[in-house]
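The data block below is query-v3.cif; it holds mmCIF, C-alpha atoms.
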data_final
loop_
_atom_site.group_PDB
_atom_site.id
_atom_site.type_symbol
_atom_site.label_atom_id
_atom_site.label_comp_id
_atom_site.auth_asym_id
_atom_site.auth_seq_id
_atom_site.Cartn_x
_atom_site.Cartn_y
_atom_site.Cartn_z
ATOM 1 C CA MET A 3 4.067 3.073 -10.386
ATOM 2 C CA LEU A 4 3.899 1.713 -6.887
ATOM 3 C CA ASP A 5 6.265 -1.131 -7.781
ATOM 4 C CA LYS A 6 8.934 1.474 -8.560
ATOM 5 C CA LYS A 7 8.277 3.347 -5.296
ATOM 6 C CA ALA A 8 6.390 6.291 -6.768
ATOM 7 C CA LEU A 9 5.209 8.673 -4.072
ATOM 8 C CA ASP A 10 1.783 10.267 -3.584
ATOM 9 C CA VAL A 11 0.115 8.322 -6.411
ATOM 10 C CA LEU A 12 -3.264 9.793 -7.280
ATOM 11 C CA VAL A 13 -5.832 8.665 -9.859
ATOM 12 C CA LEU A 14 -8.329 11.277 -11.034
ATOM 13 C CA HIS A 15 -11.477 10.585 -13.038
ATOM 14 C CA VAL A 16 -11.526 13.499 -15.495
ATOM 15 C CA ALA A 17 -13.922 12.166 -18.155
ATOM 16 C CA PRO A 18 -16.803 14.470 -17.118
ATOM 17 C CA LEU A 19 -14.474 17.485 -17.348
ATOM 18 C CA THR A 20 -12.516 16.935 -20.574
ATOM 19 C CA SER A 21 -12.401 14.872 -23.752
ATOM 20 C CA VAL A 22 -8.605 14.537 -23.539
ATOM 21 C CA ALA A 23 -8.667 11.456 -21.277
ATOM 22 C CA ASP A 24 -10.880 9.545 -18.880
ATOM 23 C CA TYR A 25 -8.264 9.226 -16.131
ATOM 24 C CA LEU A 26 -5.132 11.044 -15.048
ATOM 25 C CA VAL A 27 -2.605 9.175 -12.955
ATOM 26 C CA LEU A 28 -0.183 11.374 -11.023
ATOM 27 C CA GLY A 29 2.898 10.157 -9.216
ATOM 28 C CA SER A 30 6.050 11.671 -7.754
ATOM 29 C CA ALA A 31 9.650 10.527 -7.782
ATOM 30 C CA GLU A 32 12.674 11.625 -5.816
ATOM 31 C CA SER A 33 15.004 12.005 -8.812
ATOM 32 C CA ASP A 34 15.112 12.344 -12.590
ATOM 33 C CA ARG A 35 16.420 8.786 -12.798
ATOM 34 C CA GLN A 36 13.447 7.473 -10.820
ATOM 35 C CA THR A 37 10.926 9.314 -13.033
ATOM 36 C CA ARG A 38 12.469 7.647 -16.079
ATOM 37 C CA ALA A 39 12.537 4.246 -14.332
ATOM 38 C CA ILE A 40 8.831 4.514 -13.499
ATOM 39 C CA ALA A 41 8.001 5.545 -17.076
ATOM 40 C CA ASP A 42 10.105 2.683 -18.488
ATOM 41 C CA TYR A 43 8.370 0.230 -16.155
ATOM 42 C CA ILE A 44 4.901 1.357 -17.290
ATOM 43 C CA ASP A 45 6.033 1.106 -20.914
ATOM 44 C CA GLU A 46 7.350 -2.453 -20.280
ATOM 45 C CA LEU A 47 4.070 -3.482 -18.634
ATOM 46 C CA LEU A 48 2.057 -2.237 -21.572
ATOM 47 C CA SER A 49 4.433 -3.839 -24.079
ATOM 48 C CA SER A 50 4.168 -7.188 -22.309
ATOM 49 C CA ARG A 51 0.411 -7.002 -22.936
ATOM 50 C CA GLY A 52 0.828 -6.083 -26.586
ATOM 51 C CA GLU A 53 0.035 -2.396 -26.085
ATOM 52 C CA ARG A 54 2.129 0.751 -26.398
ATOM 53 C CA PRO A 55 1.625 4.321 -25.162
ATOM 54 C CA LEU A 56 0.505 6.691 -27.908
ATOM 55 C CA SER A 57 3.213 9.103 -26.808
ATOM 56 C CA ILE A 58 5.922 9.441 -24.179
ATOM 57 C CA GLU A 59 7.253 12.923 -23.443
ATOM 58 C CA GLY A 60 9.852 14.309 -21.061
ATOM 59 C CA THR A 61 12.238 11.390 -20.665
ATOM 60 C CA ALA A 62 15.203 13.532 -21.734
ATOM 61 C CA SER A 63 14.926 15.864 -18.749
ATOM 62 C CA GLY A 64 13.217 13.471 -16.365
ATOM 63 C CA GLN A 65 11.587 16.244 -14.344
ATOM 64 C CA TRP A 66 8.118 15.508 -15.710
ATOM 65 C CA VAL A 67 7.429 12.436 -17.826
ATOM 66 C CA LEU A 68 4.044 12.080 -19.517
ATOM 67 C CA LEU A 69 2.732 8.810 -20.926
ATOM 68 C CA ASP A 70 -0.341 9.203 -23.113
ATOM 69 C CA CYS A 71 -2.131 5.870 -23.223
ATOM 70 C CA GLY A 72 -5.335 7.169 -24.811
ATOM 71 C CA ASP A 73 -8.028 7.048 -22.138
ATOM 72 C CA VAL A 74 -5.381 7.190 -19.394
ATOM 73 C CA VAL A 75 -2.630 9.785 -19.168
ATOM 74 C CA ALA A 76 0.110 9.210 -16.595
ATOM 75 C CA HIS A 77 2.202 12.073 -15.240
ATOM 76 C CA ILE A 78 5.371 11.216 -13.319
ATOM 77 C CA PHE A 79 6.948 14.247 -11.693
ATOM 78 C CA ARG A 80 10.021 14.932 -9.703
ATOM 79 C CA GLN A 81 8.601 16.141 -6.372
ATOM 80 C CA ASP A 82 9.555 19.801 -6.841
ATOM 81 C CA ALA A 83 8.090 19.882 -10.367
ATOM 82 C CA ARG A 84 4.822 18.379 -9.130
ATOM 83 C CA ALA A 85 4.525 21.062 -6.468
ATOM 84 C CA HIS A 86 5.271 23.759 -9.058
ATOM 85 C CA TYR A 87 2.741 22.626 -11.696
ATOM 86 C CA ALA A 88 0.089 21.547 -9.148
ATOM 87 C CA LEU A 89 -2.100 19.504 -11.494
ATOM 88 C CA GLU A 90 -4.184 18.428 -8.512
ATOM 89 C CA ARG A 91 -5.254 22.052 -8.125
ATOM 90 C CA LEU A 92 -5.953 22.402 -11.844
ATOM 91 C CA TRP A 93 -8.138 19.252 -11.787
ATOM 92 C CA ARG A 94 -9.638 19.852 -8.328
ATOM 93 C CA ASP A 95 -13.169 19.208 -9.654
ATOM 94 C CA ALA A 96 -12.194 15.682 -10.728
ATOM 95 C CA LYS A 97 -13.115 12.798 -8.469
ATOM 96 C CA SER A 98 -10.270 10.881 -6.920
ATOM 97 C CA VAL A 99 -10.317 7.126 -7.555
ATOM 98 C CA PRO A 100 -9.259 5.112 -4.499
ATOM 99 C CA ILE A 101 -6.213 2.905 -4.925
ATOM 100 C CA PRO A 102 -6.527 -0.403 -3.044
ATOM 101 C CA ALA A 103 -4.062 -0.936 -0.195
ATOM 102 C CA GLU A 104 -2.878 -4.153 -1.834
ATOM 103 C CA VAL A 105 -2.581 -3.737 -5.550
ATOM 104 C CA PRO A 106 -2.067 -7.032 -7.411
ATOM 105 C CA ARG A 107 1.426 -7.117 -8.863
ATOM 106 C CA PRO A 108 1.339 -7.080 -12.648
ATOM 107 C CA ARG A 109 3.378 -9.708 -14.377
ATOM 108 C CA VAL A 110 6.108 -8.475 -16.625
ATOM 109 C CA ALA A 111 7.130 -10.987 -19.241
ATOM 110 C CA ALA A 112 10.636 -12.161 -18.523
ATOM 111 C CA ALA A 113 13.125 -11.948 -21.320
ATOM 112 C CA LYS A 114 13.370 -15.258 -23.087
ATOM 113 C CA ARG A 115 16.716 -16.923 -22.781
ATOM 114 C CA ARG A 116 18.119 -19.010 -25.518
ATOM 115 C CA VAL A 117 19.266 -22.340 -24.206
ATOM 116 C CA SER A 118 21.689 -24.431 -26.218
ATOM 117 C CA VAL A 119 21.876 -28.094 -25.585
ATOM 118 C CA ARG A 120 24.952 -29.997 -26.653
ATOM 119 C CA ARG A 121 24.499 -33.582 -27.443
ATOM 120 C CA THR A 122 27.385 -35.811 -26.657
ATOM 121 C CA LYS A 123 27.950 -39.143 -28.214
ATOM 122 C CA ALA A 124 27.491 -42.019 -25.853
ATOM 123 C CA ARG A 125 30.719 -43.862 -25.190
ATOM 124 C CA LYS A 126 30.856 -47.505 -25.921
ATOM 125 C CA GLN A 127 31.628 -49.498 -22.878
ATOM 126 C CA ALA A 128 34.100 -52.351 -23.303
#
Give the structure from this file in structure tokens form.
Amino acid sequence: MLDKKALDVLVLHVAPLTSVADYLVLGSAESDRQTRAIADYIDELLSSRGERPLSIEGTASGQWVLLDCGDVVAHIFRQDARAHYALERLWRDAKSVPIPAEVPRPRVAAAKRRVSVRRTKARKQA
């Protein structure tokens, strides 16, 4: 999320409080387009590692996109939607997991390019 400039990223450890997930990741975006870009980026990262989210919801509107990855559920909100739904308040008993100041950049597999090589016949020199 941070690579796509998500704002106010918060990781909550909710395992002791619910069986739905172990962690909730919350992040804000400044526009619908940015929420979708963050969600697409997370999906690409998982795909590059051979994994896929179990479900992705909300990409049509872009106000609140949810990626269910099993033990981790990521919520990407437009800032006004995050303030309205206030999941931090709902999960206030969950412990916040610190995010390191320098998060190692995940590697996204680059698209493979097809390279064609033309062989030319060597000219005979006279």
Next on the checklist: Here is a test: counting only C-alpha atoms, which residue of A:Glu32, A:Asp45, A:Asp95, A:Glu90 is nearest to Leu12 in chain A?
Outcome noted: A:Glu90
Edge lengths and centre in Å to one decimal, as JSON, of the axis-aligned box that encloses all listed atoms of range 75-84 of chain A with 8 Å added on every side?
{"center_x": 3.7, "center_y": 14.5, "center_z": -12.8, "size_x": 28.7, "size_y": 26.7, "size_z": 28.8}
Item to check | Between CA of Tyr25 in chain A and CA of Asp73 in chain A - distance in Å to one decimal | outcome: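 Those two atoms sit 6.4 Å apart.
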Checklist entry - Contacts of Ala83 in chain A at 10 Å or less, counting all atoms listed in the file, minus same-chain residues fewer than 2 places along, as a ChimeraX atom specification? => result /A:30-31,65-66,78-81,85-88
Next on the checklist: Applying the PyMOL selection byres ((chain A and resi 52-62) around 10) to the file I just gave you, which residues come out? Please list them as a PyMOL selection string.
Outcome noted: chain A and resi 34-35+37-39+41-42+44-51+63-72+74-79
Those selected residues, please, written with C-alpha atoms and delivered as a PDB file, keeping the file's coordinate frame.
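The file below, result_19.pdb, is the result:
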ATOM      1  CA  ASP A  34      15.112  12.344 -12.590  1.00  0.00           C
ATOM      2  CA  ARG A  35      16.420   8.786 -12.798  1.00  0.00           C
ATOM      3  CA  THR A  37      10.926   9.314 -13.033  1.00  0.00           C
ATOM      4  CA  ARG A  38      12.469   7.647 -16.079  1.00  0.00           C
ATOM      5  CA  ALA A  39      12.537   4.246 -14.332  1.00  0.00           C
ATOM      6  CA  ALA A  41       8.001   5.545 -17.076  1.00  0.00           C
ATOM      7  CA  ASP A  42      10.105   2.683 -18.488  1.00  0.00           C
ATOM      8  CA  ILE A  44       4.901   1.357 -17.290  1.00  0.00           C
ATOM      9  CA  ASP A  45       6.033   1.106 -20.914  1.00  0.00           C
ATOM     10  CA  GLU A  46       7.350  -2.453 -20.280  1.00  0.00           C
ATOM     11  CA  LEU A  47       4.070  -3.482 -18.634  1.00  0.00           C
ATOM     12  CA  LEU A  48       2.057  -2.237 -21.572  1.00  0.00           C
ATOM     13  CA  SER A  49       4.433  -3.839 -24.079  1.00  0.00           C
ATOM     14  CA  SER A  50       4.168  -7.188 -22.309  1.00  0.00           C
ATOM     15  CA  ARG A  51       0.411  -7.002 -22.936  1.00  0.00           C
ATOM     16  CA  SER A  63      14.926  15.864 -18.749  1.00  0.00           C
ATOM     17  CA  GLY A  64      13.217  13.471 -16.365  1.00  0.00           C
ATOM     18  CA  GLN A  65      11.587  16.244 -14.344  1.00  0.00           C
ATOM     19  CA  TRP A  66       8.118  15.508 -15.710  1.00  0.00           C
ATOM     20  CA  VAL A  67       7.429  12.436 -17.826  1.00  0.00           C
ATOM     21  CA  LEU A  68       4.044  12.080 -19.517  1.00  0.00           C
ATOM     22  CA  LEU A  69       2.732   8.810 -20.926  1.00  0.00           C
ATOM     23  CA  ASP A  70      -0.341   9.203 -23.113  1.00  0.00           C
ATOM     24  CA  CYS A  71      -2.131   5.870 -23.223  1.00  0.00           C
ATOM     25  CA  GLY A  72      -5.335   7.169 -24.811  1.00  0.00           C
ATOM     26  CA  VAL A  74      -5.381   7.190 -19.394  1.00  0.00           C
ATOM     27  CA  VAL A  75      -2.630   9.785 -19.168  1.00  0.00           C
ATOM     28  CA  ALA A  76       0.110   9.210 -16.595  1.00  0.00           C
ATOM     29  CA  HIS A  77       2.202  12.073 -15.240  1.00  0.00           C
ATOM     30  CA  ILE A  78       5.371  11.216 -13.319  1.00  0.00           C
ATOM     31  CA  PHE A  79       6.948  14.247 -11.693  1.00  0.00           C
TER      32      PHE A  79
END
Checklist entry - Val13 in chain A: which residues within 7 Å, counting all atoms listed in the file, same-chain residues fewer than 6 positions away excluded, as an MDAnalysis selection string? => result chainID A and resid 25:28 98:99
Checklist outcome for this item: Computed gap from CA of Ala17 in chain A to CA of Ile101 in chain A is 17.9 Å
Checklist entry - From the list A:Ala96, A:Leu89, A:Lys7, A:Pro102, which residue is nearest Ser33 in chain A when using all atoms listed in the file? => result A:Lys7
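Our summary of the geometry notes that CA of Gln36 in chain A is positioned 27.2 Å from CA of Lys97 in chain A.
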Item to check | Pick from A:Trp93, A:Tyr43, A:Asp10, A:His15, whichever lies nearest to Gly29 in chain A using all atoms listed in the file | outcome: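 Smallest distance to Gly29 in chain A is found for A:Asp10.
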Checklist entry - Which is closest to Pro100 in chain A among A:Ile40, A:Ser21, A:Asp82, A:Val11, if we use all atoms listed in the file? => result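 Among A:Ile40, A:Ser21, A:Asp82, A:Val11, it is A:Val11 that comes nearest to Pro100 in chain A.
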